[in-house]
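What follows is the content of data.tsv (TSV, C-alpha atoms).
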chain	number	residue	atom	x	y	z
A	1	MET	CA	101.73	34.10	89.85
A	2	THR	CA	105.52	33.62	89.71
A	3	GLU	CA	107.32	32.09	92.67
A	4	GLY	CA	109.26	35.30	93.23
A	5	ALA	CA	106.11	37.40	93.63
A	6	ARG	CA	104.99	38.11	97.16
A	7	LEU	CA	101.30	37.93	98.07
A	8	PRO	CA	99.87	41.13	99.56
A	9	TRP	CA	99.47	39.48	102.95
A	10	ARG	CA	102.87	37.74	103.09
A	11	PRO	CA	104.81	38.91	106.16
A	12	ALA	CA	108.14	40.44	105.26
A	13	ALA	CA	111.38	39.15	106.76
A	14	GLY	CA	111.60	40.17	110.39
A	15	ALA	CA	107.92	41.10	110.47
A	16	ASP	CA	106.46	41.78	113.87
A	17	THR	CA	104.07	39.46	115.66
A	18	ALA	CA	100.99	41.39	114.53
A	19	SER	CA	101.95	40.95	110.87
A	20	VAL	CA	102.54	37.24	111.32
A	21	LEU	CA	99.20	36.81	113.09
A	22	ALA	CA	97.45	38.79	110.36
A	23	ALA	CA	99.00	36.53	107.72
A	24	ALA	CA	97.92	33.41	109.64
A	25	ARG	CA	94.39	34.78	109.96
A	26	LYS	CA	94.28	35.55	106.25
A	27	ALA	CA	95.32	32.00	105.40
A	28	SER	CA	92.72	30.70	107.84
A	29	ASP	CA	89.99	32.79	106.23
A	30	GLU	CA	90.93	31.46	102.80
A	31	LEU	CA	90.25	27.92	104.06
A	32	MET	CA	86.79	28.64	105.45
A	33	ASP	CA	85.21	27.04	102.37
A	34	GLY	CA	87.21	23.84	102.84
A	35	LEU	CA	90.18	22.16	101.24
A	36	THR	CA	88.52	22.22	97.83
A	37	GLY	CA	87.09	25.74	98.09
A	38	VAL	CA	87.82	28.38	95.49
A	39	ARG	CA	90.27	30.15	97.84
A	40	ALA	CA	92.15	27.06	99.03
A	41	ARG	CA	94.97	27.48	96.49
A	42	ARG	CA	95.62	30.98	97.77
A	43	ALA	CA	95.77	29.56	101.28
A	44	THR	CA	98.49	27.08	100.29
A	45	HIS	CA	100.62	29.97	98.97
A	46	GLY	CA	100.08	31.90	102.18
A	47	LEU	CA	100.90	28.99	104.48
A	48	ARG	CA	104.05	28.09	102.58
A	49	ARG	CA	105.37	31.64	102.72
A	50	LEU	CA	104.30	32.12	106.34
A	51	PHE	CA	106.18	29.05	107.59
A	52	GLY	CA	109.02	29.21	105.07
A	53	PHE	CA	108.51	25.79	103.49
A	54	ALA	CA	110.09	25.06	100.12
A	55	GLY	CA	106.85	23.45	99.01
A	56	LEU	CA	103.47	22.81	100.63
A	57	GLY	CA	100.45	20.81	99.55
A	58	LEU	CA	96.90	20.40	100.84
A	59	THR	CA	94.54	17.56	99.99
A	60	ASP	CA	91.13	16.34	101.01
A	61	LEU	CA	90.20	12.67	101.22
A	62	SER	CA	90.14	12.38	97.43
A	63	GLY	CA	93.93	12.67	97.35
A	64	SER	CA	93.84	15.57	94.87
A	65	LEU	CA	96.68	17.92	95.84
A	66	LEU	CA	96.93	21.71	95.73
A	67	TRP	CA	100.62	22.65	95.61
A	68	SER	CA	102.53	25.83	96.30
A	69	GLY	CA	106.27	26.10	95.72
A	70	ARG	CA	108.52	23.21	94.77
A	71	PRO	CA	106.64	19.90	94.38
A	72	GLY	CA	108.16	16.67	95.60
A	73	ALA	CA	109.05	13.63	93.53
A	74	ASP	CA	105.91	11.95	92.26
A	75	GLU	CA	106.73	8.55	93.76
A	76	ALA	CA	107.55	9.98	97.18
A	77	VAL	CA	104.45	12.15	97.23
A	78	ALA	CA	102.20	9.25	96.19
A	79	HIS	CA	103.70	6.99	98.85
A	80	VAL	CA	103.45	9.53	101.67
A	81	LEU	CA	99.96	10.57	100.65
A	82	ASP	CA	98.68	6.99	100.61
A	83	GLU	CA	100.32	6.30	103.97
A	84	VAL	CA	99.01	9.37	105.81
A	85	LEU	CA	95.44	8.98	104.56
A	86	HIS	CA	95.29	5.30	105.48
A	87	SER	CA	97.20	5.32	108.76
A	88	GLU	CA	96.05	8.77	109.88
A	89	GLU	CA	99.50	9.24	111.39
A	90	PRO	CA	102.37	11.60	110.50
A	91	THR	CA	104.77	10.10	108.00
A	92	SER	CA	107.71	11.04	105.76
A	93	ALA	CA	109.69	9.56	102.89
A	94	GLY	CA	111.89	10.79	100.05
A	95	GLY	CA	112.10	14.35	101.33
A	96	VAL	CA	108.31	14.70	101.77
A	97	ALA	CA	106.63	14.95	105.21
A	98	ALA	CA	102.90	14.71	105.83
A	99	VAL	CA	100.51	15.08	108.75
A	100	PRO	CA	96.82	14.15	108.85
A	101	LEU	CA	94.18	16.86	109.31
A	102	HIS	CA	91.50	15.82	111.80
A	103	VAL	CA	88.44	18.06	111.99
A	104	HIS	CA	86.17	17.31	114.94
A	105	ASP	CA	87.93	13.95	115.35
A	106	GLU	CA	87.31	12.95	111.74
A	107	LEU	CA	89.97	12.72	109.04
A	108	ALA	CA	89.44	15.55	106.55
A	109	GLY	CA	92.67	15.42	104.54
A	110	ALA	CA	96.41	15.95	104.89
A	111	LEU	CA	99.11	18.60	104.77
A	112	LEU	CA	102.34	17.79	102.90
A	113	VAL	CA	105.60	19.76	102.91
A	114	ILE	CA	108.90	19.42	101.09
A	115	GLY	CA	112.00	18.88	103.24
A	116	ASP	CA	112.39	17.88	106.87
A	117	PRO	CA	110.92	20.68	108.99
A	118	PRO	CA	110.84	20.45	112.78
A	119	GLY	CA	107.78	18.55	113.98
A	120	GLY	CA	106.56	21.52	115.98
A	121	VAL	CA	106.53	23.81	112.95
A	122	LEU	CA	104.70	21.24	110.85
A	123	ARG	CA	102.16	20.73	113.62
A	124	GLN	CA	101.60	24.48	113.89
A	125	ALA	CA	100.91	24.72	110.18
A	126	ALA	CA	98.47	21.82	110.44
A	127	ASP	CA	96.77	23.47	113.43
A	128	VAL	CA	96.12	26.64	111.39
A	129	VAL	CA	94.44	24.52	108.71
A	130	VAL	CA	92.41	22.44	111.17
A	131	GLN	CA	91.15	25.46	113.10
A	132	ALA	CA	90.06	27.12	109.87
A	133	LEU	CA	88.21	24.00	108.74
A	134	GLU	CA	86.52	23.62	112.13
A	135	ARG	CA	85.43	27.26	112.09
A	136	GLY	CA	84.06	26.85	108.58
A	137	ARG	CA	82.04	23.79	109.57
A	138	LEU	CA	80.64	25.52	112.65
A	139	GLU	CA	79.54	28.53	110.61
A	140	ALA	CA	78.02	26.24	107.99
A	141	SER	CA	76.15	24.39	110.75
A	142	ALA	CA	74.90	27.69	112.16
A	143	ASP	CA	73.67	28.73	108.71
A	144	GLN	CA	71.91	25.39	108.28
A	145	ALA	CA	70.29	25.74	111.71
A	146	ALA	CA	69.10	29.25	110.85
A	147	GLN	CA	67.59	28.00	107.60
A	148	ALA	CA	65.91	25.12	109.45
A	149	GLU	CA	64.39	27.58	111.93
A	150	LEU	CA	63.16	29.72	109.06
A	151	ARG	CA	61.51	26.67	107.48
A	152	ALA	CA	59.92	25.90	110.85
A	153	LEU	CA	58.46	29.40	111.00
A	154	ARG	CA	56.99	29.00	107.54
A	155	ALA	CA	55.51	25.65	108.53
A	156	GLU	CA	53.76	27.32	111.48
A	157	MET	CA	51.44	29.28	109.18
A	158	SER	CA	48.12	28.35	110.78
A	159	PRO	CA	45.99	26.01	108.61
A	160	HIS	CA	43.01	27.24	110.64
A	161	PHE	CA	43.70	30.83	109.58
A	162	VAL	CA	44.20	29.84	105.93
A	163	TYR	CA	40.90	27.93	105.91
A	164	ASN	CA	39.01	30.81	107.54
A	165	ALA	CA	40.52	33.42	105.20
A	166	LEU	CA	39.62	31.44	102.09
A	167	THR	CA	36.12	30.78	103.44
A	168	VAL	CA	35.55	34.50	104.00
A	169	ILE	CA	36.84	35.33	100.52
A	170	ALA	CA	34.56	32.71	98.97
A	171	SER	CA	31.54	34.13	100.82
A	172	LEU	CA	32.20	37.58	99.35
A	173	VAL	CA	32.65	36.54	95.72
A	174	ARG	CA	28.97	36.92	94.78
A	175	ASP	CA	27.89	39.97	96.81
A	176	GLU	CA	31.17	41.92	97.14
A	177	PRO	CA	33.37	40.84	94.25
A	178	ASP	CA	35.70	43.84	94.47
A	179	ARG	CA	36.43	43.21	98.14
A	180	ALA	CA	36.85	39.49	97.47
A	181	ARG	CA	39.37	40.31	94.76
A	182	ASP	CA	41.33	42.63	97.05
A	183	LEU	CA	41.42	40.02	99.81
A	184	MET	CA	42.55	37.34	97.38
A	185	LEU	CA	45.42	39.57	96.31
A	186	ASP	CA	46.26	40.11	99.99
A	187	PHE	CA	46.20	36.36	100.52
A	188	ALA	CA	48.50	35.85	97.53
A	189	ASP	CA	50.94	38.42	98.94
A	190	TYR	CA	50.77	36.79	102.36
A	191	THR	CA	51.55	33.32	101.08
A	192	ARG	CA	54.26	34.63	98.76
A	193	TYR	CA	56.09	36.34	101.61
A	194	SER	CA	55.55	33.54	104.12
A	195	LEU	CA	56.39	30.57	101.91
A	196	ALA	CA	58.55	31.75	99.03
A	197	ARG	CA	62.34	31.44	99.06
A	198	HIS	CA	63.99	34.61	100.36
A	199	GLY	CA	67.43	35.89	101.19
A	200	GLU	CA	68.63	35.82	104.78
A	201	TYR	CA	67.71	39.45	105.45
A	202	THR	CA	65.06	41.95	104.42
A	203	VAL	CA	64.18	45.48	105.57
A	204	VAL	CA	61.71	46.75	108.16
A	205	ALA	CA	59.52	48.22	105.41
A	206	GLU	CA	58.97	44.75	103.88
A	207	GLU	CA	58.25	43.20	107.28
A	208	PHE	CA	55.62	45.88	108.01
A	209	ARG	CA	54.10	45.37	104.58
A	210	ALA	CA	53.73	41.66	105.30
A	211	VAL	CA	52.19	42.47	108.69
A	212	GLU	CA	49.64	44.84	107.16
A	213	THR	CA	48.66	42.19	104.61
A	214	TYR	CA	48.21	39.60	107.35
A	215	LEU	CA	46.16	42.02	109.45
A	216	ALA	CA	43.90	42.85	106.49
A	217	LEU	CA	43.07	39.16	106.17
A	218	GLN	CA	42.54	38.75	109.90
A	219	ARG	CA	40.18	41.74	109.96
A	220	ALA	CA	38.15	40.05	107.24
A	221	VAL	CA	38.02	36.85	109.31
A	222	LEU	CA	37.37	38.38	112.76
A	223	GLY	CA	35.35	41.39	111.67
A	224	GLU	CA	34.60	43.88	114.46
A	225	ARG	CA	36.39	41.70	117.01
A	226	LEU	CA	39.78	42.94	115.77
A	227	ARG	CA	41.05	46.50	115.79
A	228	VAL	CA	44.54	47.30	114.63
A	229	GLN	CA	46.98	50.20	114.72
A	230	VAL	CA	50.21	50.16	112.69
A	231	ARG	CA	52.72	52.98	112.92
A	232	VAL	CA	56.37	53.01	111.83
A	233	ALA	CA	58.83	55.91	111.78
A	234	PRO	CA	60.37	56.62	108.35
A	235	GLU	CA	63.94	56.51	109.69
A	236	VAL	CA	63.73	52.77	110.45
A	237	LEU	CA	62.08	51.61	107.22
A	238	ALA	CA	65.43	50.79	105.61
A	239	VAL	CA	66.88	48.97	108.63
A	240	ALA	CA	67.97	45.45	107.66
A	241	VAL	CA	66.52	42.64	109.78
A	242	PRO	CA	66.36	38.85	109.52
A	243	TYR	CA	63.51	37.76	107.32
A	244	LEU	CA	60.17	36.86	108.96
A	245	VAL	CA	60.62	38.30	112.46
A	246	LEU	CA	57.44	40.40	112.83
A	247	GLU	CA	54.60	38.38	111.31
A	248	PRO	CA	54.98	35.48	113.79
A	249	LEU	CA	54.72	37.97	116.67
A	250	VAL	CA	51.54	39.53	115.26
A	251	GLU	CA	50.07	36.10	114.62
A	252	ASN	CA	50.85	35.15	118.21
A	253	ALA	CA	49.13	38.30	119.50
A	254	ILE	CA	45.93	37.52	117.60
A	255	ARG	CA	45.80	33.76	118.14
A	256	HIS	CA	46.67	33.76	121.83
A	257	GLY	CA	45.71	37.27	122.90
A	258	ILE	CA	42.67	38.47	120.96
A	259	GLU	CA	40.85	35.33	119.80
A	260	PRO	CA	40.44	33.78	123.31
A	261	ARG	CA	39.03	36.96	124.87
A	262	ALA	CA	35.41	38.03	124.89
A	263	GLY	CA	34.58	41.05	122.76
A	264	ALA	CA	36.81	43.18	120.57
A	265	GLY	CA	40.56	43.50	120.98
A	266	LEU	CA	43.30	45.84	119.80
A	267	VAL	CA	46.67	44.92	118.25
A	268	GLN	CA	49.25	47.69	117.91
A	269	VAL	CA	52.47	47.41	115.91
A	270	HIS	CA	54.88	50.33	116.27
A	271	GLY	CA	58.42	50.86	115.01
A	272	GLN	CA	60.75	53.69	115.93
A	273	ALA	CA	64.40	54.65	116.36
A	274	GLU	CA	65.95	54.85	119.82
A	275	GLY	CA	69.47	56.16	119.42
A	276	ASN	CA	71.40	53.62	117.38
A	277	ASP	CA	68.71	50.97	117.82
A	278	CYS	CA	65.50	50.13	115.99
A	279	VAL	CA	62.74	49.18	118.44
A	280	ILE	CA	59.54	47.51	117.27
A	281	SER	CA	56.68	46.60	119.59
A	282	VAL	CA	53.75	44.24	119.03
A	283	GLU	CA	51.11	44.79	121.71
A	284	ASP	CA	47.67	43.31	122.32
A	285	ASP	CA	45.07	43.90	125.04
A	286	GLY	CA	44.11	40.24	125.14
A	287	VAL	CA	44.11	37.58	127.83
A	288	GLY	CA	47.85	37.81	128.61
A	289	MET	CA	49.70	35.08	130.51
A	290	ASP	CA	51.73	34.35	133.62
A	291	PRO	CA	55.09	36.18	133.31
A	292	ALA	CA	56.89	33.00	134.41
A	293	LEU	CA	55.26	31.09	131.56
A	294	ALA	CA	56.28	33.84	129.12
A	295	ALA	CA	59.89	33.53	130.31
A	296	ASP	CA	59.79	29.76	129.79
A	297	ILE	CA	58.35	30.17	126.30
A	298	LEU	CA	60.98	32.74	125.32
A	299	ALA	CA	63.74	30.46	126.60
A	300	GLY	CA	62.36	27.56	124.56
A	301	ARG	CA	61.51	25.51	127.67
A	302	VAL	CA	57.77	25.56	126.81
A	303	GLY	CA	56.27	25.37	123.34
A	304	GLU	CA	52.99	24.41	121.78
A	305	SER	CA	52.08	22.22	124.77
A	306	ALA	CA	51.23	25.31	126.84
A	307	ASP	CA	47.82	25.93	125.26
A	308	GLY	CA	49.57	26.58	121.98
A	309	ALA	CA	51.08	29.79	123.33
A	310	GLY	CA	54.28	31.30	122.05
A	311	VAL	CA	54.20	30.43	118.36
A	312	GLY	CA	57.58	31.41	116.99
A	313	LEU	CA	58.67	33.54	119.97
A	314	ALA	CA	61.69	31.44	120.98
A	315	ASN	CA	62.53	30.87	117.33
A	316	VAL	CA	62.57	34.59	116.49
A	317	ASP	CA	64.46	35.51	119.68
A	318	ARG	CA	67.16	32.91	119.02
A	319	ARG	CA	67.64	34.07	115.44
A	320	LEU	CA	67.97	37.71	116.51
A	321	ARG	CA	70.50	36.94	119.24
A	322	ASN	CA	72.54	34.76	116.91
A	323	VAL	CA	72.80	37.65	114.45
A	324	TYR	CA	73.20	40.65	116.79
A	325	GLY	CA	74.39	39.29	120.13
A	326	ALA	CA	72.91	38.84	123.60
A	327	TRP	CA	72.02	42.53	124.05
A	328	TYR	CA	69.42	42.31	121.30
A	329	GLY	CA	66.37	40.10	120.69
A	330	LEU	CA	62.90	39.94	122.23
A	331	THR	CA	61.51	41.17	125.52
A	332	VAL	CA	58.05	40.07	126.67
A	333	GLU	CA	55.92	42.14	129.04
A	334	THR	CA	52.70	40.44	130.11
A	335	GLY	CA	50.40	39.44	132.95
A	336	LEU	CA	47.20	37.46	133.42
A	337	SER	CA	44.30	39.44	131.90
A	338	ALA	CA	46.77	42.28	131.20
A	339	GLY	CA	47.58	41.77	127.55
A	340	THR	CA	51.04	41.14	126.10
A	341	ARG	CA	53.71	43.40	124.68
A	342	VAL	CA	56.62	41.93	122.71
A	343	ILE	CA	59.53	44.28	122.03
A	344	VAL	CA	62.02	43.68	119.24
A	345	ARG	CA	65.34	45.50	119.58
A	346	VAL	CA	67.96	45.42	116.81
A	347	PRO	CA	70.79	47.78	115.83
A	348	ARG	CA	70.01	50.19	113.01
A	349	PHE	CA	73.34	49.32	111.40
A	350	GLN	CA	75.18	46.01	111.70
A	351	PRO	CA	78.18	44.95	109.59
A	352	GLY	CA	77.32	42.00	107.38
A	353	VAL	CA	73.54	42.39	107.80
A	354	LEU	CA	72.35	43.49	104.36
A	355	PRO	CA	68.99	42.89	102.65
Written form, structure tokens:
Amino acid sequence: MTEGARLPWRPAAGADTASVLAAARKASDELMDGLTGVRARRATHGLRRLFGFAGLGLTDLSGSLLWSGRPGADEAVAHVLDEVLHSEEPTSAGGVAAVPLHVHDELAGALLVIGDPPGGVLRQAADVVVQALERGRLEASADQAAQAELRALRAEMSPHFVYNALTVIASLVRDEPDRARDLMLDFADYTRYSLARHGEYTVVAEEFRAVETYLALQRAVLGERLRVQVRVAPEVLAVAVPYLVLEPLVENAIRHGIEPRAGAGLVQVHGQAEGNDCVISVEDDGVGMDPALAADILAGRVGESADGAGVGLANVDRRLRNVYGAWYGLTVETGLSAGTRVIVRVPRFQPGVLP
């Protein structure tokens, strides 16, 4: 790009405040991947034009500079760069000024400009860069936390259930080979979906398919003790949802609702549209629990220590609220000896949530 060309988001002379703010936001977005990200060079062009510097450079701790506009003399740039990265203080020499970039109180790099701009202007430019880098790190941390929670959900796949399912399949191999084969395929699908690497989001149809596979295996294990009913409206099948949000709720209903009770129990999984929302319920007629305990489990204040109750509930609820906001997530309706109903509410359409 020639120096005379103007970037699409460069504010024109005399631009209003909204245009300037939009340009600053655009430069900030370009720095979300860091000072060495693929869009960082575009950000240097935007910052230089936004603040009117003759030349502007960005560097991380490696000292490798990205320049826009007129570069400074090599000796002056090298001296200022060495000084700012070692002293972590603003410095200038030979027509080059530099300020350190501290992200969460740690040195991340430096901003260099050509000329002698007012300190306030230079600080404002540095603040735009720092805020963008801090936002990028926070979003990266949130992504890492979400992935860690997903790994935790996978790790919660009950070894007891796996052992029982494989034992039942083995017992059927001789007398009912066709059924044993079908169950083995179900088990393969179950482990593939629960343990394999997936994208961040899937669709309701895939979540229900995983639930039906899991329930087929549990019916083989529990026999007549488990009755199930699965019903989902066609209009919500394509709704995008975070991966692995339903199976943990169904597993919880069976492990802590049906298995402890005497006699047979019913698990119902229903999905339907309610206005602009997709509402999915997982209900059992099992032993239930104290509503206060359910609230503590959902808030993450009580986990496996409470008789093993609440596998994945807080985890799933937190993931849903992080994606959709506080209005969405899980609701638990329960009582002692009254069964449990867990309701999942998500929007049918959410920008950025794509399978």
Legend entry - Computed interatomic separation between CA of Arg318 (chain A) and CA of Ala240 (chain A) (Å): 16.9 Å
Legend entry - Near-Ile169 (chain A) list (8 Å; only C-alpha atoms; drop same-chain fewer than 2 positions) as a PyMOL selection string: chain A and resi 165-167+171-173+180+183-184
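You can rank A:Val316, A:Met32, A:Ala97, A:Ala27 by their closest distance to Arg48 (chain A) using only C-alpha atoms, and at the top of that list sits A:Ala27.
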Please write out, as lines of an AutoDock Vina configuration file, where the centre of an axis-aligned box around all listed atoms of region 81-96 of chain A lies and how long its edges are, in Å to one decimal, after adding 6 Å on each side.
center_x = 103.7
center_y = 10.0
center_z = 105.7
size_x = 28.8
size_y = 21.4
size_z = 23.3
Inset, instruction - Could you tell me how far CA of Leu58 (chain A) lies from CA of Pro117 (chain A), in Å and to one decimal? - result: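 Interatomic distance, CA of Leu58 (chain A) to CA of Pro117 (chain A): 16.2 Å.
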Inset, instruction - Record the distance separating CA of Gly335 (chain A) and CA of Ala253 (chain A), expressed in Å with one decimal. - result: 13.6 Å
Legend entry - Pick from A:Leu61, A:Ala188, A:Val239, A:Val221, whichever lies nearest to Asp277 (chain A) using all atoms listed in the file: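 Checking each candidate against Asp277 (chain A), we get A:Val239 as the closest.
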